[in-house]
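Coordinates from start.csv are shown below (CSV, C-alpha atoms).
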```
chain,number,residue,atom,x,y,z
W,10,MET,CA,72.2,26.3,62.7
W,11,GLU,CA,69.7,23.6,63.3
W,12,LYS,CA,67.0,23.3,60.8
W,13,GLN,CA,63.6,23.5,62.4
W,14,LYS,CA,61.1,20.9,61.3
W,15,ILE,CA,57.9,22.4,59.8
W,16,TYR,CA,54.7,20.4,60.0
W,17,PHE,CA,52.4,20.3,57.0
W,18,SER,CA,49.6,21.7,59.2
W,19,GLU,CA,51.7,24.9,59.6
W,20,THR,CA,52.3,25.5,55.9
W,21,LYS,CA,50.4,27.9,53.8
W,22,PHE,CA,49.1,25.0,51.7
W,23,TYR,CA,47.3,23.3,54.6
W,24,PRO,CA,44.2,25.6,54.6
W,25,VAL,CA,43.8,25.2,50.8
W,26,PHE,CA,44.3,21.5,51.0
W,27,PHE,CA,41.9,21.2,54.0
W,28,MET,CA,39.2,23.2,52.2
W,29,MET,CA,39.5,21.1,49.0
W,30,VAL,CA,39.2,17.8,50.9
W,31,ILE,CA,36.2,18.9,52.9
W,32,THR,CA,34.5,20.4,49.9
W,33,ILE,CA,35.0,17.1,47.9
W,34,ILE,CA,33.6,15.1,50.9
W,35,CYS,CA,30.5,17.4,51.3
W,36,VAL,CA,29.7,17.6,47.6
W,37,GLY,CA,30.2,13.9,47.3
W,38,ILE,CA,27.7,13.2,50.0
W,39,LEU,CA,25.2,15.6,48.6
W,40,ALA,CA,25.5,14.3,45.1
W,41,THR,CA,24.9,10.8,46.2
W,42,PHE,CA,21.9,11.8,48.3
W,43,TYR,CA,20.5,13.9,45.4
W,44,HIS,CA,20.8,10.9,43.0
W,45,LEU,CA,19.1,8.6,45.4
W,46,THR,CA,16.1,10.8,45.7
W,47,ASN,CA,16.0,12.5,42.3
W,48,LYS,CA,13.7,9.9,40.7
W,49,ARG,CA,11.2,10.2,43.4
W,50,VAL,CA,11.1,14.0,43.1
W,51,GLU,CA,10.7,13.9,39.3
W,52,ASN,CA,8.0,11.3,39.6
W,53,TYR,CA,6.1,13.4,42.0
W,54,GLN,CA,6.4,16.5,39.9
W,55,ALA,CA,5.2,14.6,36.8
W,56,THR,CA,2.2,13.3,38.7
W,57,GLN,CA,1.4,16.8,40.0
W,58,ILE,CA,1.2,18.2,36.4
W,59,GLN,CA,-0.8,15.2,35.2
W,60,LYS,CA,-3.2,15.7,38.1
W,61,GLN,CA,-3.5,19.4,37.4
W,62,VAL,CA,-4.2,18.7,33.7
W,63,LEU,CA,-7.0,16.4,34.6
W,64,GLU,CA,-8.4,19.0,37.1
W,65,THR,CA,-8.2,21.8,34.6
W,66,PHE,CA,-10.3,19.7,32.2
W,67,GLU,CA,-12.7,19.1,35.2
W,68,LEU,CA,-12.3,15.3,34.7
W,69,PRO,CA,-12.9,13.1,37.7
W,70,VAL,CA,-9.6,12.1,39.3
W,71,MET,CA,-9.7,8.7,41.0
W,72,SER,CA,-6.2,7.5,40.2
W,73,VAL,CA,-4.0,10.1,38.5
W,74,LYS,CA,-1.9,7.7,36.5
W,75,GLU,CA,-4.8,5.6,35.1
W,76,ASP,CA,-7.1,8.5,34.5
W,77,TYR,CA,-4.4,10.4,32.7
W,78,GLU,CA,-3.7,7.5,30.4
W,79,LYS,CA,-7.4,7.0,29.8
W,80,TYR,CA,-8.3,10.6,28.9
W,81,ILE,CA,-5.2,12.6,27.9
W,82,THR,CA,-2.9,12.5,24.9
W,83,VAL,CA,0.0,14.9,24.5
W,84,ARG,CA,0.2,16.5,21.1
W,85,THR,CA,2.5,18.9,19.3
W,86,ARG,CA,1.6,21.3,16.5
W,87,ASP,CA,3.6,24.2,15.2
W,88,ASN,CA,6.0,23.8,18.1
W,89,ILE,CA,3.2,24.1,20.7
W,90,ASN,CA,2.8,21.2,23.0
W,91,PHE,CA,-0.7,20.7,24.3
W,92,TYR,CA,-2.9,18.1,25.9
W,93,GLU,CA,-5.9,16.7,24.2
W,94,ALA,CA,-8.7,15.2,26.3
W,95,LYS,CA,-10.9,12.4,25.0
W,96,ARG,CA,-14.0,10.9,26.5
W,97,ASP,CA,-15.5,7.8,24.8
W,98,ASN,CA,-13.2,8.6,21.8
W,99,ILE,CA,-14.7,12.0,21.3
W,100,VAL,CA,-12.4,15.0,21.8
W,101,ILE,CA,-13.8,17.2,24.5
W,102,GLY,CA,-11.2,19.9,24.7
W,103,TYR,CA,-7.6,21.0,24.6
W,104,CYS,CA,-5.3,22.2,27.4
W,105,PHE,CA,-2.3,24.5,26.8
W,106,PRO,CA,0.5,25.2,29.1
W,107,MET,CA,1.4,28.9,29.2
W,108,GLN,CA,3.8,31.2,30.9
W,109,GLY,CA,4.8,34.8,31.4
W,110,SER,CA,6.2,37.2,34.0
W,111,GLY,CA,4.4,38.0,37.2
W,112,LEU,CA,5.3,40.6,39.8
W,113,TRP,CA,8.3,38.7,41.2
W,114,GLY,CA,8.9,35.8,38.9
W,115,THR,CA,7.6,33.6,36.1
W,116,ILE,CA,4.0,32.4,36.4
W,117,ARG,CA,3.2,29.1,34.7
W,118,ALA,CA,-0.4,28.2,34.1
W,119,LEU,CA,-2.7,25.8,32.3
W,120,VAL,CA,-5.7,26.8,30.3
W,121,ALA,CA,-8.3,24.4,29.0
W,122,LEU,CA,-10.3,25.4,25.9
W,123,ASP,CA,-13.4,23.8,24.3
W,124,VAL,CA,-13.1,21.9,20.9
W,125,GLU,CA,-14.0,25.0,18.8
W,126,LEU,CA,-11.4,27.0,20.7
W,127,SER,CA,-14.1,29.6,21.4
W,128,GLN,CA,-14.3,29.6,25.2
W,129,ILE,CA,-12.2,28.8,28.3
W,130,THR,CA,-13.3,25.8,30.2
W,131,GLY,CA,-10.7,25.7,32.9
W,132,PHE,CA,-7.7,27.7,34.2
W,133,SER,CA,-5.1,26.8,36.8
W,134,ILE,CA,-1.7,27.9,38.0
W,135,ILE,CA,1.2,25.5,38.0
W,136,GLU,CA,3.9,27.8,39.5
W,137,GLN,CA,4.0,31.3,40.9
W,138,ASN,CA,6.2,33.3,43.2
W,139,GLU,CA,3.8,36.2,44.0
W,140,THR,CA,3.5,37.9,47.4
W,141,PRO,CA,2.1,35.4,49.9
W,142,GLY,CA,-1.3,36.6,51.1
W,143,LEU,CA,-1.7,39.1,48.3
W,144,GLY,CA,-0.6,38.2,44.8
W,145,ALA,CA,-0.4,34.5,45.7
W,146,ARG,CA,-4.2,34.6,45.9
W,147,ILE,CA,-4.2,34.1,42.2
W,148,THR,CA,-4.2,30.4,43.0
W,149,GLU,CA,-7.5,30.7,44.9
W,150,ALA,CA,-10.5,28.9,43.3
W,151,TRP,CA,-12.8,32.0,43.3
W,152,PHE,CA,-10.3,33.9,41.2
W,153,LEU,CA,-9.6,31.1,38.8
W,154,ASN,CA,-13.2,30.1,38.4
W,155,GLN,CA,-14.0,33.5,37.0
W,156,PHE,CA,-12.3,32.4,33.7
W,157,LYS,CA,-14.6,29.4,33.3
W,158,LYS,CA,-17.1,29.8,30.4
W,159,LYS,CA,-15.5,33.1,29.3
W,160,PRO,CA,-15.6,33.6,25.6
W,161,ILE,CA,-12.2,34.0,23.9
W,162,ILE,CA,-13.3,35.8,20.7
W,163,LEU,CA,-15.7,38.7,20.3
W,164,ASN,CA,-16.3,40.4,16.9
W,165,ASP,CA,-13.4,38.5,15.4
W,166,GLU,CA,-11.0,39.8,18.0
W,167,ILE,CA,-9.4,38.0,20.9
W,168,ILE,CA,-10.7,39.5,24.1
W,169,LYS,CA,-8.4,41.1,26.6
W,170,TYR,CA,-10.3,41.0,29.9
W,171,SER,CA,-10.4,44.1,31.9
W,172,LEU,CA,-10.0,44.2,35.7
W,173,ILE,CA,-12.7,45.5,38.0
W,174,PRO,CA,-12.7,45.8,41.8
W,175,GLU,CA,-13.3,42.6,43.9
W,176,GLU,CA,-16.7,43.6,45.1
W,177,GLU,CA,-18.2,44.6,41.8
W,178,LYS,CA,-20.1,42.2,39.5
W,179,ALA,CA,-18.1,41.1,36.5
W,180,GLY,CA,-19.4,41.4,33.0
W,181,ILE,CA,-18.5,39.1,30.1
W,182,LYS,CA,-15.2,40.8,29.3
W,183,GLU,CA,-14.3,41.5,32.9
W,184,ILE,CA,-12.4,39.8,35.7
W,185,GLN,CA,-12.6,40.7,39.4
W,186,GLN,CA,-9.1,41.6,40.5
W,187,ILE,CA,-7.5,40.8,43.8
W,188,THR,CA,-7.6,43.7,46.2
W,189,GLY,CA,-4.0,44.8,47.0
W,190,ALA,CA,-2.6,42.7,44.1
W,191,THR,CA,-3.3,44.7,41.0
W,192,ALA,CA,0.0,43.8,39.4
W,193,SER,CA,-0.4,40.1,39.8
W,194,SER,CA,-4.1,40.2,38.6
W,195,ARG,CA,-3.0,42.2,35.6
W,196,ALA,CA,-0.1,39.8,35.0
W,197,ILE,CA,-2.5,36.8,34.8
W,198,VAL,CA,-4.8,38.7,32.3
W,199,ASN,CA,-1.8,39.6,30.2
W,200,ILE,CA,-0.3,36.2,30.2
W,201,LEU,CA,-3.6,34.7,29.2
W,202,TYR,CA,-4.1,37.2,26.4
W,203,ASN,CA,-0.6,37.0,25.0
W,204,ASN,CA,-0.6,33.2,24.9
W,205,LEU,CA,-4.1,32.9,23.5
W,206,VAL,CA,-3.2,35.3,20.7
W,207,GLU,CA,-0.4,33.0,19.7
W,208,ILE,CA,-2.4,29.8,20.1
W,209,ILE,CA,-5.5,31.0,18.3
W,210,ASN,CA,-3.6,32.5,15.4
W,211,LYS,CA,-1.6,29.3,14.9
W,212,PHE,CA,-4.6,27.0,15.3
W,213,LYS,CA,-7.5,28.8,13.6
W,214,ASN,CA,-5.8,28.7,10.2
W,215,SER,CA,-5.4,24.9,10.2
L,28,MET,CA,28.9,21.7,83.1
L,29,THR,CA,27.0,18.4,83.0
L,30,LYS,CA,25.2,17.3,79.9
L,31,LYS,CA,21.8,18.2,81.5
L,32,GLN,CA,23.0,21.7,82.4
L,33,ILE,CA,24.2,22.2,78.8
L,34,LEU,CA,20.8,21.2,77.5
L,35,ILE,CA,18.8,23.3,79.9
L,36,ASN,CA,21.1,26.3,79.4
L,37,SER,CA,20.8,26.3,75.6
L,38,LEU,CA,17.1,25.5,75.7
L,39,PHE,CA,15.8,27.9,78.3
L,40,THR,CA,18.3,30.1,80.1
L,41,GLU,CA,20.2,31.2,77.0
L,42,ASN,CA,17.4,30.5,74.5
L,43,ALA,CA,18.5,31.6,71.1
L,44,VAL,CA,15.3,33.5,70.2
L,45,TRP,CA,14.0,35.2,73.4
L,46,ARG,CA,17.4,35.6,75.0
L,47,GLN,CA,19.9,36.1,72.2
L,48,ILE,CA,17.4,37.4,69.6
L,49,LEU,CA,18.8,35.2,66.9
L,50,GLY,CA,16.9,33.5,64.1
L,51,ILE,CA,14.1,36.0,64.1
L,52,CYS,CA,13.5,36.2,60.4
L,53,SER,CA,12.4,32.7,59.9
L,54,ALA,CA,10.6,32.7,63.2
L,55,LEU,CA,8.4,35.4,61.9
L,56,ALA,CA,8.0,33.9,58.4
L,57,VAL,CA,6.7,30.4,59.0
L,58,THR,CA,4.7,30.7,62.2
L,59,ASN,CA,1.2,31.2,60.8
L,60,LEU,CA,0.7,27.4,60.8
L,61,LEU,CA,1.7,24.9,63.6
L,62,MET,CA,2.6,22.2,61.1
L,63,ASN,CA,5.0,24.5,59.2
L,64,SER,CA,6.6,25.6,62.4
L,65,LEU,CA,7.1,22.0,63.6
L,66,VAL,CA,8.8,20.9,60.4
L,67,MET,CA,10.9,24.0,60.3
L,68,GLY,CA,11.9,23.4,64.0
L,69,LEU,CA,12.8,19.8,63.3
L,70,GLY,CA,14.9,20.9,60.3
L,71,VAL,CA,16.8,23.4,62.5
L,72,ILE,CA,17.3,20.8,65.3
L,73,PHE,CA,18.7,18.3,62.8
L,74,THR,CA,21.0,20.8,61.2
L,75,LEU,CA,22.2,22.2,64.5
L,76,ALA,CA,22.9,18.8,66.0
L,77,CYS,CA,24.7,17.4,63.0
L,78,SER,CA,26.7,20.5,62.1
L,79,CYS,CA,27.7,21.1,65.8
L,80,PHE,CA,28.8,17.5,66.1
L,81,THR,CA,30.8,17.5,62.8
L,82,ILE,CA,32.4,20.9,63.5
L,83,SER,CA,33.4,19.8,67.0
L,84,MET,CA,34.9,16.6,65.6
L,85,LEU,CA,37.0,18.6,63.2
L,86,ARG,CA,37.7,21.5,65.6
L,87,ASN,CA,41.4,20.5,66.1
L,88,TYR,CA,42.1,20.2,62.4
L,89,ILE,CA,40.2,23.2,61.0
L,90,PRO,CA,42.8,26.0,60.3
L,91,ASN,CA,41.8,29.0,62.3
L,92,ARG,CA,41.8,31.5,59.5
L,93,ILE,CA,39.3,29.6,57.3
L,94,ARG,CA,37.1,28.2,60.1
L,95,MET,CA,34.1,30.2,59.1
L,96,MET,CA,34.2,29.0,55.5
L,97,VAL,CA,34.4,25.4,56.7
L,98,GLN,CA,31.5,26.0,59.2
L,99,VAL,CA,29.3,27.4,56.5
L,100,LEU,CA,30.2,24.6,54.1
L,101,ILE,CA,29.3,22.0,56.7
L,102,ILE,CA,26.1,23.7,57.7
L,103,ALA,CA,25.0,24.3,54.1
L,104,SER,CA,25.5,20.6,53.4
L,105,PHE,CA,23.2,19.5,56.2
L,106,VAL,CA,20.6,22.1,55.2
L,107,ILE,CA,20.6,20.8,51.6
L,108,ILE,CA,20.1,17.3,52.9
L,109,VAL,CA,17.0,18.5,54.8
L,110,ASP,CA,15.8,20.3,51.7
L,111,ILE,CA,16.3,17.3,49.4
L,112,PHE,CA,14.6,15.1,52.1
L,113,LEU,CA,11.5,17.3,52.2
L,114,ARG,CA,11.3,17.6,48.5
L,115,ALA,CA,11.4,13.8,48.1
L,116,PHE,CA,9.3,12.7,51.0
L,117,LEU,CA,7.1,15.6,52.1
L,118,PRO,CA,6.6,17.6,48.9
L,119,ASN,CA,3.6,19.6,50.1
L,120,MET,CA,5.6,20.7,53.2
L,121,SER,CA,8.5,21.6,50.9
L,122,LYS,CA,6.2,23.8,48.9
L,123,ALA,CA,4.7,25.4,51.9
L,124,LEU,CA,8.0,26.3,53.5
L,125,GLY,CA,9.4,27.5,50.1
L,126,PRO,CA,12.7,29.3,50.3
L,127,TYR,CA,12.8,29.2,54.1
L,128,VAL,CA,14.4,25.7,54.3
L,129,GLY,CA,17.3,26.9,52.2
L,130,LEU,CA,17.6,29.9,54.4
L,131,ILE,CA,18.3,27.8,57.4
L,132,ILE,CA,21.9,28.1,56.2
L,133,THR,CA,21.8,31.8,57.1
L,134,ASN,CA,20.1,31.2,60.4
L,135,CYS,CA,22.4,33.0,62.9
L,136,ILE,CA,21.6,30.4,65.6
L,137,ILE,CA,23.6,27.7,63.8
L,138,MET,CA,26.7,29.8,63.0
L,139,GLY,CA,26.4,31.2,66.5
L,140,ARG,CA,26.4,27.8,68.2
L,141,ALA,CA,29.2,26.6,66.0
L,142,GLU,CA,31.4,29.5,66.9
L,143,ALA,CA,30.5,29.9,70.5
L,144,PHE,CA,30.2,26.2,71.6
L,145,ALA,CA,31.1,23.5,69.0
L,146,SER,CA,34.6,24.9,68.2
L,147,LYS,CA,35.6,24.6,71.9
L,148,ASN,CA,33.8,21.6,73.2
L,149,THR,CA,33.6,17.8,72.7
L,150,PRO,CA,31.4,16.4,69.9
L,151,VAL,CA,28.8,14.8,72.1
L,152,ASN,CA,28.4,17.9,74.3
L,153,SER,CA,28.2,20.1,71.1
L,154,ALA,CA,25.5,17.9,69.7
L,155,ILE,CA,23.5,18.2,73.0
L,156,ASP,CA,24.0,22.0,72.9
L,157,GLY,CA,22.9,22.0,69.3
L,158,ILE,CA,19.7,20.0,70.1
L,159,GLY,CA,19.0,22.3,73.0
L,160,ALA,CA,19.4,25.5,70.9
L,161,GLY,CA,17.3,24.0,68.1
L,162,ALA,CA,14.6,22.8,70.5
L,163,GLY,CA,14.5,26.3,72.0
L,164,TYR,CA,14.0,27.7,68.6
L,165,ALA,CA,11.3,25.2,67.8
L,166,LEU,CA,9.6,25.9,71.1
L,167,VAL,CA,9.4,29.6,70.3
L,168,LEU,CA,8.0,28.9,66.8
L,169,LEU,CA,5.4,26.5,68.2
L,170,ILE,CA,4.2,29.0,70.9
L,171,ILE,CA,3.8,31.8,68.4
L,172,ALA,CA,2.2,29.5,65.8
L,173,PHE,CA,-0.2,28.2,68.4
L,174,PHE,CA,-1.7,31.6,68.9
L,175,ARG,CA,-1.5,32.7,65.3
L,176,GLU,CA,-3.1,29.6,63.9
L,177,LEU,CA,-5.8,29.5,66.7
L,178,PHE,CA,-6.8,33.1,66.3
L,179,GLY,CA,-6.1,33.4,62.5
L,180,PHE,CA,-7.7,30.2,61.3
L,181,GLY,CA,-9.5,28.8,64.3
L,182,THR,CA,-7.6,25.6,63.9
L,183,LEU,CA,-4.7,23.7,65.6
L,184,PHE,CA,-2.5,21.5,63.3
L,185,GLY,CA,-5.3,22.0,60.7
L,186,VAL,CA,-8.0,20.6,63.0
L,187,GLN,CA,-10.9,22.9,63.5
L,188,VAL,CA,-11.0,23.9,67.2
L,189,LEU,CA,-13.0,27.1,67.3
L,190,GLY,CA,-16.5,26.8,65.8
L,191,ALA,CA,-18.2,28.9,63.1
L,192,TRP,CA,-19.0,31.6,65.7
L,193,TRP,CA,-15.3,32.6,65.8
L,194,THR,CA,-14.5,35.6,63.7
L,195,LYS,CA,-11.1,34.9,62.2
L,196,TRP,CA,-8.4,37.5,62.9
L,197,SER,CA,-6.9,38.0,59.4
L,198,ILE,CA,-4.0,40.0,60.9
L,199,MET,CA,-2.9,36.9,62.7
L,200,VAL,CA,-2.2,35.2,59.4
L,201,MET,CA,-0.2,38.1,58.1
L,202,ALA,CA,3.4,39.2,59.0
L,203,PRO,CA,2.7,42.0,61.5
L,204,SER,CA,1.1,39.7,64.1
L,205,ALA,CA,4.3,37.7,64.2
L,206,PHE,CA,6.1,40.8,65.4
L,207,PHE,CA,3.5,41.5,68.1
L,208,MET,CA,3.5,37.9,69.3
L,209,LEU,CA,7.3,37.6,69.4
L,210,ALA,CA,7.6,40.9,71.3
L,211,LEU,CA,4.9,39.8,73.8
L,212,LEU,CA,6.6,36.5,74.3
L,213,MET,CA,10.0,38.1,74.9
L,214,TRP,CA,8.4,40.5,77.4
L,215,GLY,CA,6.7,37.7,79.2
L,216,VAL,CA,9.8,35.5,79.4
L,217,TYR,CA,11.9,38.5,80.5
L,218,THR,CA,9.5,39.4,83.3
L,219,LEU,CA,9.4,35.9,84.5
L,220,GLN,CA,13.1,35.4,84.4
L,221,THR,CA,13.9,38.7,86.3
L,222,LYS,CA,11.2,37.8,88.9
L,223,ALA,CA,12.8,34.3,89.4
L,224,LYS,CA,16.2,35.9,89.8
L,225,LYS,CA,15.0,38.3,92.5
L,226,SER,CA,13.3,35.8,94.7
```

The structure given in the file should be rewritten as structure tokens.
Amino acid sequence: MEKQKIYFSETKFYPVFFMMVITIICVGILATFYHLTNKRVENYQATQIQKQVLETFELPVMSVKEDYEKYITVRTRDNINFYEAKRDNIVIGYCFPMQGSGLWGTIRALVALDVELSQITGFSIIEQNETPGLGARITEAWFLNQFKKKPIILNDEIIKYSLIPEEEKAGIKEIQQITGATASSRAIVNILYNNLVEIINKFKNS
Amino acid sequence: MTKKQILINSLFTENAVWRQILGICSALAVTNLLMNSLVMGLGVIFTLACSCFTISMLRNYIPNRIRMMVQVLIIASFVIIVDIFLRAFLPNMSKALGPYVGLIITNCIIMGRAEAFASKNTPVNSAIDGIGAGAGYALVLLIIAFFRELFGFGTLFGVQVLGAWWTKWSIMVMAPSAFFMLALLMWGVYTLQTKAKKS
């Protein structure tokens, strides 16, 4: 009997071989492309955070890099990283990164406090994945600005702000919540409270 | 079919969205701003053209049983290139489009064209077909976004067109309006096409 010639492309190994080769090619191209652009992406993200730190302190931003170097120093104490803002060599406040869970994912935020750590001077969101149009409104200025000039401590206790409807006028311990996004509004208040408790307890002693 | 016929066919006659009802999810999601729609459309055109071309080139070598795996792998690679490109060069756009860029991978139009056209035709014709289908998708996105942005924000490409007298229709910014707009568009096109066929 004559032995029939079997081509490699007809064997069982061919699909496996083909898949491996094409995977290696695709991944190779992507890895190269990623490495070529990685630095640019990281630079951008670093500048974004620097810009946001400056804005949370309400410092004028002309050139992010120069202003950041001029005003901001990064410090660490008791394992907490924070930013210190100086103007004419006088410390004007501290800014703490904080995070906690929102409705759909982690919310990362920055809070700026005055030198005595007695009131909030600025608040901003770095990252959130809340519902667009509803919870995502936590990044809107009117919501964030409510936290400005709010006291942190009242009668030796750290204030946990309570939520009131959007159209009502907020008192000193109150924050107007976002209509239709109670969960996200509450998440922000909780994140702020939990992180402030930790920060204040660690820093008030020293 | 000539190259021109292929293009017109995949762009209008067999338009992926209003004729084949594919790629609806992302068409609804990103159309509240013209700029987002434009970038999304360009991303899909790029992915379609490149993946159709590549799949068509390999069509005689891809083992039949694993062809879908290979197609998805190739499509995914091009989508990730788009994603990385946006992240590096248009970071604000990348933030605005969020997960939808990555989700181009699952856009049925791309798999559909790869299966229906690229796996049977020459690379150049496949690329033309891909561009046509992508442009058809982008066209639908832009038409919907035109009305949604105009009525919802009073702007076009971020430029204020309607004055302060205009009461913004908030519903146009939210998801339900996309459904209404898409349905109206399909209805309109269908009526026109049947009329054209009769006469």

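Within 8 Å of chain L, and using all atoms listed in the file, the residues found on chain W are Tyr23, Pro24, Phe27, Met28, Ile31, Thr32, Cys35, Val36, Leu39, Phe42, Tyr43, Thr46, Asn47, Arg49, Val50 and Gly142 of chain W.
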
### For W:Val120: contacts at 8 Å, only C-alpha atoms, fewer than 5 positions along chain excluded, given as a VMD selection string
chain W and resid 65 104 to 107 129 to 133

### Task
Between atom CA of L:Leu75 and atom CA of L:Ile137, measure the distance and give it in Å to one decimal.
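Between atom CA of L:Leu75 and atom CA of L:Ile137 the gap works out to 5.7 Å.
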
### Message
Report as an MDAnalysis selection string all protein, DNA and RNA residues lying within 10 Å of stretch 204-209 of chain W, evaluated on only C-alpha atoms, omitting residues in the same chain fewer than 4 positions from it.
### Response
chainID W and resid 87 89 105:109 120 126:127 161:162 166:169 199:200 213:214

Do you know which residues are at most 10 Å from stretch 188-191 of chain W counting all atoms listed in the file, after dropping those on the same chain fewer than 6 positions away, and could you put them as a tab-separated table (two decimals) with C-alpha atoms, in the coordinates of the input?
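Here's the written file result-v3.tsv:
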```tsv
chain	number	residue	atom	x	y	z
W	112	LEU	CA	5.30	40.60	39.80
W	139	GLU	CA	3.80	36.20	44.00
W	140	THR	CA	3.50	37.90	47.40
W	142	GLY	CA	-1.30	36.60	51.10
W	143	LEU	CA	-1.70	39.10	48.30
W	144	GLY	CA	-0.60	38.20	44.80
W	145	ALA	CA	-0.40	34.50	45.70
W	146	ARG	CA	-4.20	34.60	45.90
W	147	ILE	CA	-4.20	34.10	42.20
W	172	LEU	CA	-10.00	44.20	35.70
W	173	ILE	CA	-12.70	45.50	38.00
W	174	PRO	CA	-12.70	45.80	41.80
W	175	GLU	CA	-13.30	42.60	43.90
W	176	GLU	CA	-16.70	43.60	45.10
```
